[in-house]
Structures are given as C-alpha cells and as structure tokens.
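Below is the file entry-v5.txt, which contains compact mmCIF, C-alpha atoms.
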```
# COMPACT_ATOMS: atom_id res chain seq x y z
CA MET V 29 -62.76 236.52 -12.48
CA ALA V 30 -64.82 234.04 -10.48
CA ARG V 31 -62.53 231.15 -11.35
CA ASN V 32 -59.54 233.02 -9.92
CA ILE V 33 -61.36 233.66 -6.66
CA PHE V 34 -62.23 230.00 -6.18
CA SER V 35 -59.04 228.38 -7.39
CA TYR V 36 -57.16 226.00 -5.12
CA ALA V 37 -54.15 228.32 -5.34
CA SER V 38 -56.15 231.29 -4.07
CA MET V 39 -57.38 229.35 -1.05
CA ARG V 40 -53.89 228.01 -0.41
CA ASN V 41 -52.45 231.54 -0.56
CA ILE V 42 -54.94 232.69 2.05
CA ILE V 43 -53.49 230.20 4.52
CA PHE V 44 -50.01 231.64 4.18
CA SER V 45 -50.91 235.31 3.71
CA CYS V 46 -51.84 235.68 7.37
CA SER V 47 -49.31 233.63 9.30
CA SER V 48 -50.26 235.20 12.63
CA VAL V 49 -53.74 235.42 14.11
CA ASN V 50 -52.98 239.00 15.07
CA GLY V 51 -51.21 239.88 11.86
CA CYS V 52 -54.04 241.70 10.08
CA ARG V 53 -54.44 245.11 11.60
CA HIS V 54 -57.36 246.17 9.38
CA ARG V 55 -59.63 243.92 11.41
CA LEU V 56 -59.78 246.47 14.24
CA TYR V 57 -62.58 248.50 12.70
CA CYS V 58 -63.91 246.11 10.09
CA THR V 59 -65.37 243.74 12.65
CA GLY V 60 -67.21 246.52 14.46
CA SER V 61 -66.13 245.13 17.84
CA PRO V 62 -62.59 246.01 18.88
CA PRO V 63 -60.92 243.73 21.42
CA ASP V 64 -61.66 245.95 24.43
CA ALA V 65 -65.11 247.15 23.43
CA ASN V 66 -66.75 245.00 26.11
CA LYS V 67 -64.76 246.56 28.92
CA SER V 68 -66.50 249.15 31.03
CA GLU V 69 -65.49 252.67 30.08
CA SER V 70 -63.98 253.28 33.51
CA SER V 71 -61.64 250.27 33.21
CA GLN V 72 -60.29 251.22 29.78
CA THR V 73 -56.99 252.97 29.29
CA PRO V 74 -57.10 256.26 27.35
CA LYS V 75 -55.65 254.45 24.32
CA GLU V 76 -58.26 251.69 24.52
CA GLN V 77 -61.05 254.22 24.76
CA ALA V 78 -59.62 256.13 21.80
CA ASP V 79 -59.51 252.91 19.78
CA VAL V 80 -63.14 252.15 20.63
CA ASN V 81 -64.18 255.67 19.67
CA ASP V 82 -62.23 255.35 16.43
CA VAL V 83 -64.03 252.10 15.58
CA LEU V 84 -67.44 253.60 16.28
CA LEU V 85 -66.68 256.75 14.26
CA LYS V 86 -65.53 254.76 11.24
CA LYS V 87 -68.59 252.53 11.39
CA GLN V 88 -70.86 255.57 11.62
CA ILE V 89 -69.22 257.20 8.61
CA LEU V 90 -69.31 254.04 6.50
CA ASP V 91 -72.98 253.47 7.36
CA SER V 92 -73.68 257.00 6.16
CA ALA V 93 -71.53 256.58 3.04
CA LEU V 94 -73.63 253.67 1.79
CA LYS V 95 -76.40 256.15 0.95
CA PHE V 96 -74.17 257.67 -1.72
CA VAL V 97 -72.94 254.48 -3.39
CA GLN V 98 -75.66 254.37 -6.06
CA ILE V 99 -74.53 257.74 -7.44
CA ASN V 100 -70.84 257.90 -6.58
CA GLY V 101 -69.89 254.25 -6.40
CA TRP V 102 -67.63 252.45 -3.95
CA THR V 103 -65.27 255.38 -3.68
CA LYS V 104 -63.65 257.86 -1.32
CA THR V 105 -66.14 260.38 -2.66
CA SER V 106 -69.00 258.40 -1.12
CA ILE V 107 -67.06 258.20 2.15
CA SER V 108 -66.45 261.95 2.13
CA LEU V 109 -70.12 262.68 1.49
CA GLY V 110 -71.12 260.29 4.22
CA ALA V 111 -68.83 262.09 6.64
CA GLU V 112 -70.10 265.53 5.64
CA VAL V 113 -73.72 264.52 6.25
CA LEU V 114 -72.70 263.69 9.81
CA GLY V 115 -70.97 267.04 10.25
CA TYR V 116 -67.39 265.88 9.72
CA PRO V 117 -65.07 267.39 7.09
CA GLY V 118 -64.88 265.50 3.83
CA VAL V 119 -61.12 265.09 4.22
CA ILE V 120 -61.81 262.59 6.98
CA HIS V 121 -61.77 259.98 4.22
CA GLY V 122 -58.05 259.89 5.03
CA MET V 123 -59.02 257.59 7.90
CA PHE V 124 -59.76 254.97 5.23
CA PRO V 125 -56.48 254.37 3.37
CA LYS V 126 -57.97 251.54 1.28
CA GLY V 127 -60.75 253.82 0.05
CA GLY V 128 -63.66 252.12 -1.62
CA PHE V 129 -62.58 248.65 -0.58
CA GLU V 130 -63.10 249.58 3.07
CA LEU V 131 -66.65 250.64 2.21
CA ILE V 132 -67.25 247.35 0.43
CA GLN V 133 -65.76 245.47 3.36
CA HIS V 134 -68.05 247.30 5.76
CA PHE V 135 -71.09 246.44 3.65
CA TYR V 136 -70.03 242.81 3.32
CA LEU V 137 -69.46 242.29 7.04
CA THR V 138 -72.63 244.05 8.16
CA SER V 139 -74.60 242.04 5.60
CA ASN V 140 -73.07 238.82 6.91
CA GLU V 141 -74.08 239.82 10.43
CA LYS V 142 -77.65 240.34 9.24
CA LEU V 143 -77.52 236.92 7.61
CA ILE V 144 -76.48 235.34 10.92
CA ASP V 145 -79.48 237.01 12.59
CA PHE V 146 -81.70 235.51 9.87
CA LEU V 147 -80.17 232.06 10.38
CA LYS V 148 -80.50 232.20 14.14
CA GLU V 149 -84.15 233.19 13.89
CA ARG V 150 -84.93 230.41 11.41
CA THR V 151 -83.17 227.67 13.37
CA GLU V 152 -84.80 228.73 16.63
CA THR V 153 -88.26 228.20 15.14
CA THR V 154 -87.59 225.28 12.74
CA PRO V 155 -85.78 222.03 13.60
CA ILE V 156 -83.41 221.23 10.75
CA LEU V 157 -80.62 219.00 12.03
CA GLN V 158 -82.25 215.65 11.19
CA ASN V 159 -84.21 216.70 8.11
CA ASN V 160 -82.23 217.01 4.88
CA ASP V 161 -85.07 218.70 2.98
CA LEU V 162 -85.42 221.40 5.62
CA SER V 163 -81.65 221.80 5.70
CA ARG V 164 -81.54 222.29 1.92
CA LYS V 165 -84.38 224.81 2.11
CA LEU V 166 -82.58 226.77 4.81
CA VAL V 167 -79.41 226.92 2.71
CA ARG V 168 -81.36 228.08 -0.33
CA ASP V 169 -83.31 230.72 1.62
CA ALA V 170 -80.14 231.95 3.33
CA ILE V 171 -78.34 232.48 0.03
CA GLU V 172 -81.33 234.27 -1.46
CA ASN V 173 -81.63 236.42 1.66
CA ARG V 174 -77.96 237.37 1.44
CA LEU V 175 -78.06 238.10 -2.28
CA ARG V 176 -81.10 240.33 -1.86
CA MET V 177 -78.98 242.58 0.35
CA ILE V 178 -77.00 243.47 -2.78
CA LEU V 179 -80.06 244.61 -4.74
CA PRO V 180 -80.08 248.24 -3.50
CA TYR V 181 -76.58 248.52 -5.02
CA ILE V 182 -77.04 246.20 -7.99
CA GLY V 183 -76.06 248.85 -10.55
CA ARG V 184 -72.76 249.40 -8.76
CA TRP V 185 -72.06 245.81 -7.79
CA PRO V 186 -69.85 244.98 -10.82
CA GLU V 187 -67.61 247.82 -9.62
CA ALA V 188 -67.48 246.22 -6.16
CA LEU V 189 -66.59 242.83 -7.66
CA ALA V 190 -63.78 244.40 -9.66
CA ILE V 191 -62.35 246.07 -6.55
CA MET V 192 -62.62 242.87 -4.51
CA SER V 193 -60.78 240.98 -7.26
CA GLN V 194 -57.70 243.21 -7.12
CA PRO V 195 -54.73 241.11 -5.91
CA GLN V 196 -54.26 243.02 -2.66
CA ASN V 197 -57.94 242.57 -1.77
CA VAL V 198 -58.44 238.91 -2.71
CA PRO V 199 -57.44 237.37 0.67
CA THR V 200 -59.94 239.48 2.61
CA SER V 201 -62.64 239.09 -0.05
CA LEU V 202 -62.25 235.33 -0.08
CA ALA V 203 -62.26 235.26 3.72
CA ASN V 204 -65.58 237.13 3.69
CA LEU V 205 -67.07 234.56 1.35
CA LEU V 206 -65.74 231.52 3.19
CA THR V 207 -66.93 232.67 6.61
CA MET V 208 -70.36 233.43 5.15
CA VAL V 209 -70.85 229.95 3.67
CA ASP V 210 -69.40 228.39 6.81
CA ASP V 211 -72.03 230.16 8.90
CA ILE V 212 -74.78 228.98 6.54
CA CYS V 213 -73.59 225.37 6.75
CA TYR V 214 -73.23 225.54 10.53
CA PHE V 215 -76.78 226.69 11.07
CA ALA V 216 -77.97 224.12 8.53
CA GLY V 217 -76.57 221.42 10.82
CA ASP V 218 -73.32 220.57 9.00
CA ARG V 219 -70.79 220.57 11.87
CA SER V 220 -68.66 217.45 11.62
CA VAL V 221 -65.17 217.73 10.13
CA ASN V 222 -65.27 215.25 7.27
CA MET V 223 -65.33 215.35 3.49
CA ASN V 224 -68.89 216.63 3.42
CA TRP V 225 -67.88 219.47 5.76
CA TYR V 226 -65.30 220.60 3.23
CA THR V 227 -67.03 219.95 -0.08
CA ARG V 228 -70.32 221.48 0.99
CA ARG V 229 -68.68 224.75 1.99
CA ILE V 230 -66.52 225.04 -1.10
CA GLY V 231 -69.47 224.00 -3.24
CA LEU V 232 -71.70 226.65 -1.68
CA ALA V 233 -69.01 229.29 -2.15
CA GLY V 234 -68.94 228.56 -5.87
CA LEU V 235 -72.73 228.35 -5.98
CA TYR V 236 -73.08 231.73 -4.28
CA LYS V 237 -70.68 233.44 -6.69
CA ALA V 238 -72.28 231.82 -9.74
CA THR V 239 -75.74 232.96 -8.62
CA GLU V 240 -74.42 236.42 -7.82
CA LEU V 241 -73.01 236.78 -11.34
CA TYR V 242 -76.24 235.40 -12.85
CA MET V 243 -78.23 237.96 -10.87
CA LEU V 244 -76.23 240.83 -12.38
CA GLN V 245 -77.62 240.11 -15.85
CA ASP V 246 -81.09 238.95 -14.80
CA SER V 247 -83.92 241.23 -16.00
CA SER V 248 -86.82 239.06 -14.82
CA GLU V 249 -89.37 240.41 -12.36
CA ASP V 250 -88.10 240.24 -8.77
CA TYR V 251 -85.15 238.22 -10.14
CA ILE V 252 -87.30 235.10 -10.36
CA ASN V 253 -84.92 233.53 -12.89
CA THR V 254 -82.05 234.00 -10.46
CA TRP V 255 -83.85 232.18 -7.67
CA GLY V 256 -84.70 229.34 -10.05
CA PHE V 257 -81.03 229.16 -11.06
CA LEU V 258 -80.11 229.02 -7.37
CA SER V 259 -82.48 226.12 -6.66
CA ARG V 260 -81.08 224.08 -9.56
CA ARG V 261 -77.47 224.68 -8.51
CA ILE V 262 -78.19 223.57 -4.94
CA GLU V 263 -79.40 220.22 -6.27
CA GLU V 264 -76.16 219.89 -8.23
CA VAL V 265 -74.06 220.67 -5.15
CA GLU V 266 -75.83 217.94 -3.18
CA GLN V 267 -75.13 215.45 -5.98
CA LEU V 268 -71.46 216.49 -6.05
CA ASN V 269 -71.14 215.97 -2.31
CA ALA V 270 -72.61 212.47 -2.59
CA TYR V 271 -70.04 211.59 -5.25
CA LEU V 272 -67.02 213.02 -3.45
CA MET V 273 -67.89 211.21 -0.23
CA GLN V 274 -67.00 208.00 -2.08
CA THR V 275 -63.59 209.28 -3.19
CA GLU V 276 -60.62 207.39 -1.73
CA ASN V 277 -58.64 209.37 0.90
CA ALA V 278 -61.06 212.26 0.55
CA SER V 279 -61.82 212.41 4.26
CA GLN V 280 -58.12 212.65 5.13
CA PHE V 281 -57.66 215.51 2.66
CA ALA V 282 -60.61 217.35 4.18
CA LYS V 283 -59.29 217.16 7.71
CA GLN V 284 -55.86 218.39 6.68
CA PHE V 285 -56.96 221.25 4.46
CA ALA V 286 -60.49 222.39 5.20
CA THR V 287 -60.10 223.33 8.85
CA ALA V 288 -56.98 225.38 8.13
CA THR V 289 -58.68 227.21 5.28
CA PHE V 290 -61.76 228.30 7.19
CA THR V 291 -59.93 229.04 10.43
CA THR V 292 -57.48 231.26 8.57
CA ALA V 293 -60.34 233.05 6.85
CA ARG V 294 -61.76 234.00 10.24
CA ASN V 295 -58.33 235.03 11.47
CA ILE V 296 -57.93 237.40 8.53
CA LEU V 297 -61.20 239.08 9.47
CA GLY V 298 -60.47 239.00 13.19
CA LEU V 299 -63.62 236.96 13.84
CA ASN V 300 -64.10 234.60 16.74
CA TRP V 301 -65.98 231.29 16.74
CA ASN V 302 -68.64 232.57 19.07
CA ARG V 303 -71.45 230.02 18.60
```

Could I get this file's structure written as structure tokens?
Amino acid sequence: MARNIFSYASMRNIIFSCSSVNGCRHRLYCTGSPPDANKSESSQTPKEQADVNDVLLKKQILDSALKFVQINGWTKTSISLGAEVLGYPGVIHGMFPKGGFELIQHFYLTSNEKLIDFLKERTETTPILQNNDLSRKLVRDAIENRLRMILPYIGRWPEALAIMSQPQNVPTSLANLLTMVDDICYFAGDRSVNMNWYTRRIGLAGLYKATELYMLQDSSEDYINTWGFLSRRIEEVEQLNAYLMQTENASQFAKQFATATFTTARNILGLNWNR
C-alpha cells in the first residue's frame, strides 16, 4: 500500500489529475477558508454569504463527528452523530457525498494546520537556518508531533489508510502528505529549488509513512520504539540526500519535476503559498 502511494507514477498522475488550479471543487470546504471568507459580511453577495455559512457548518459538523470515530469509524454514521449532537438531523450527512473520506480529509487538514502552528512557534524561538543539527531536530520533532495527533484514533487509523488508498482518493491523500512535508522542510530552512529541495521532501514523505506504519504495530510504552525508528530513518534520509546531490543531471531533474509536483499538490487542496 505504501509503495503505491509513493511511486513515481502516482506523483506523476497527480500533476495531470488537476490540470486547472480551480478544477477541484472539493477544496471549498476542506480548506476551512473559502475564497470570500475575508470579505466583510456587508460586501458579500447572498451566494457568497451562503457559501461561507456552508463552509462553517460543514467544519462544525466534522469537528463534532471526530468524537465518534473511535466507536463508529471514519463513516457517515460518525458524521450523522456529530450533526445530531449539534441539533441537526442525522440525514445532513448528505452534505458530505464522499462520506468517511471527507471526515479523514478534515482531520488531516486541521492536523496539518496545527503542525504549522507548532513549526512557527519553534522557529520564532530557535534559529535553525544555519545549524544543520537544529534543523534535523526540528524535522524529527515536527514528524513526531504530527504523528502523535493520530494517537487518539490509532485503533481506527488502518481504516483511514485503507480509505485514503482507494484510487479516487489517492490524489488528494498524496497532496496532503506532500504539502505537510513541504511545510516541515520550509520551516527547517530548506527553501532553495535544487536537488536537495526535491530529495529531502520525497525522502521525508517516505519516512513519515514508514514511521506511521511502524507506529500502528508498536506496543512499547508511549511508542518509544516508534520515535527511535524515526530518529534512525532521519539519519538515513540525510545520507541519501548527500549521495543524490552528487548524481549527474540531478539538479536539472529536480527543477523540472519537483516544483510542479508540490505546486500541483497545493492546487488540489486549494492552498495558497502564504508564508
């Protein structure tokens, strides 16, 4: 399953699966900030205001639905129960045509937003741009921080992985992963478009998924074995980057492919490069 997600073909397909920046309509509510949300209420058209209200309602329901995932899984049942707790009829789950995947997507995006808050806080208090050891520590801590967000749902996470691996969901799932590792690398000081820019991000994507899968079968206290596994894999990624930097024509490949891959991932999610 993990190999399919990280294959070259999967990343190549992502580039062509969303040929227009505005072609993915699901982004309207997934991002939590519709295009006109920043307008004052008085300047919005009735349709714009309705769209904003729709976004906020969906977010509220999905937030509530997460409380029911441990028992009912990543399903429309959890969404219905979340709606009912808020006083809405359970049939409102019809607002979520992709069912459980929309709940997973909501969790993934809100978790990534929390990760960005963590990264911003760390980089504001700790200089990392010129210190490779601090940069490596930030990457490691960021991945652990993000993986710990899964722990409240660890018993149901294999179900989430199976849903994300369904063919129709792979482009969005891969986009979530790529934007997450791109944010980690950005805050760790890796901002130049060269071979290291590309290999580090792809390497971290594979590292994150490998550690995530390891965590699912880890029975050690506070997942200490998982965090040890993570630390060892980060060392391996750094060694791989050093090797690939010496590869002939590698830099040219990176510039041609890497930027398109990560830009398209953000387009699929409707995310802007607001940094």

Minimum-distance residue to Tyr214 of chain V, chosen among V:Ile171, V:Leu147, V:Leu244, V:Met177 (using only C-alpha atoms):
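Checking each candidate against Tyr214 of chain V, we get V:Leu147 as the closest.
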
Using all atoms listed in the file, find the one residue out of V:Phe146, V:Phe135, V:Phe96, V:Tyr242 that sits nearest to Asp211 of chain V.
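Selected residue with least distance to Asp211 of chain V: V:Phe146.
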
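Comparing V:Gly115, V:Gly256, V:Gly217, V:Gly231 by their smallest distance to Thr154 of chain V, the closest is V:Gly217 (using all atoms listed in the file).
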
Nearest to Ile191 of chain V by atom-to-atom distance, counting only C-alpha atoms, from V:Ile120, V:Val97, V:Leu90, V:Ile132:
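When distances to Ile191 of chain V are compared using only C-alpha atoms, the smallest one comes from V:Ile132.
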
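Atom to atom, atom CA of Leu114 of chain V and atom CA of Gln98 of chain V stand 18.6 Å apart.
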
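When all atoms listed in the file are used to measure the gap to Ala93 of chain V, the shortest distance among V:Ser108, V:Ser259, V:Ser163, V:Thr138 belongs to V:Ser108.
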
Just how far from atom CA of Phe215 of chain V is atom CA of Glu152 of chain V, in Å to one decimal?
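Spanning atom CA of Glu152 of chain V to atom CA of Phe215 of chain V is a straight-line distance of 10.0 Å.
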
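You can rank V:Leu94, V:Met243, V:Ile107, V:Asn253 by their closest distance to Ile182 of chain V using only C-alpha atoms, and at the top of that list sits V:Met243.
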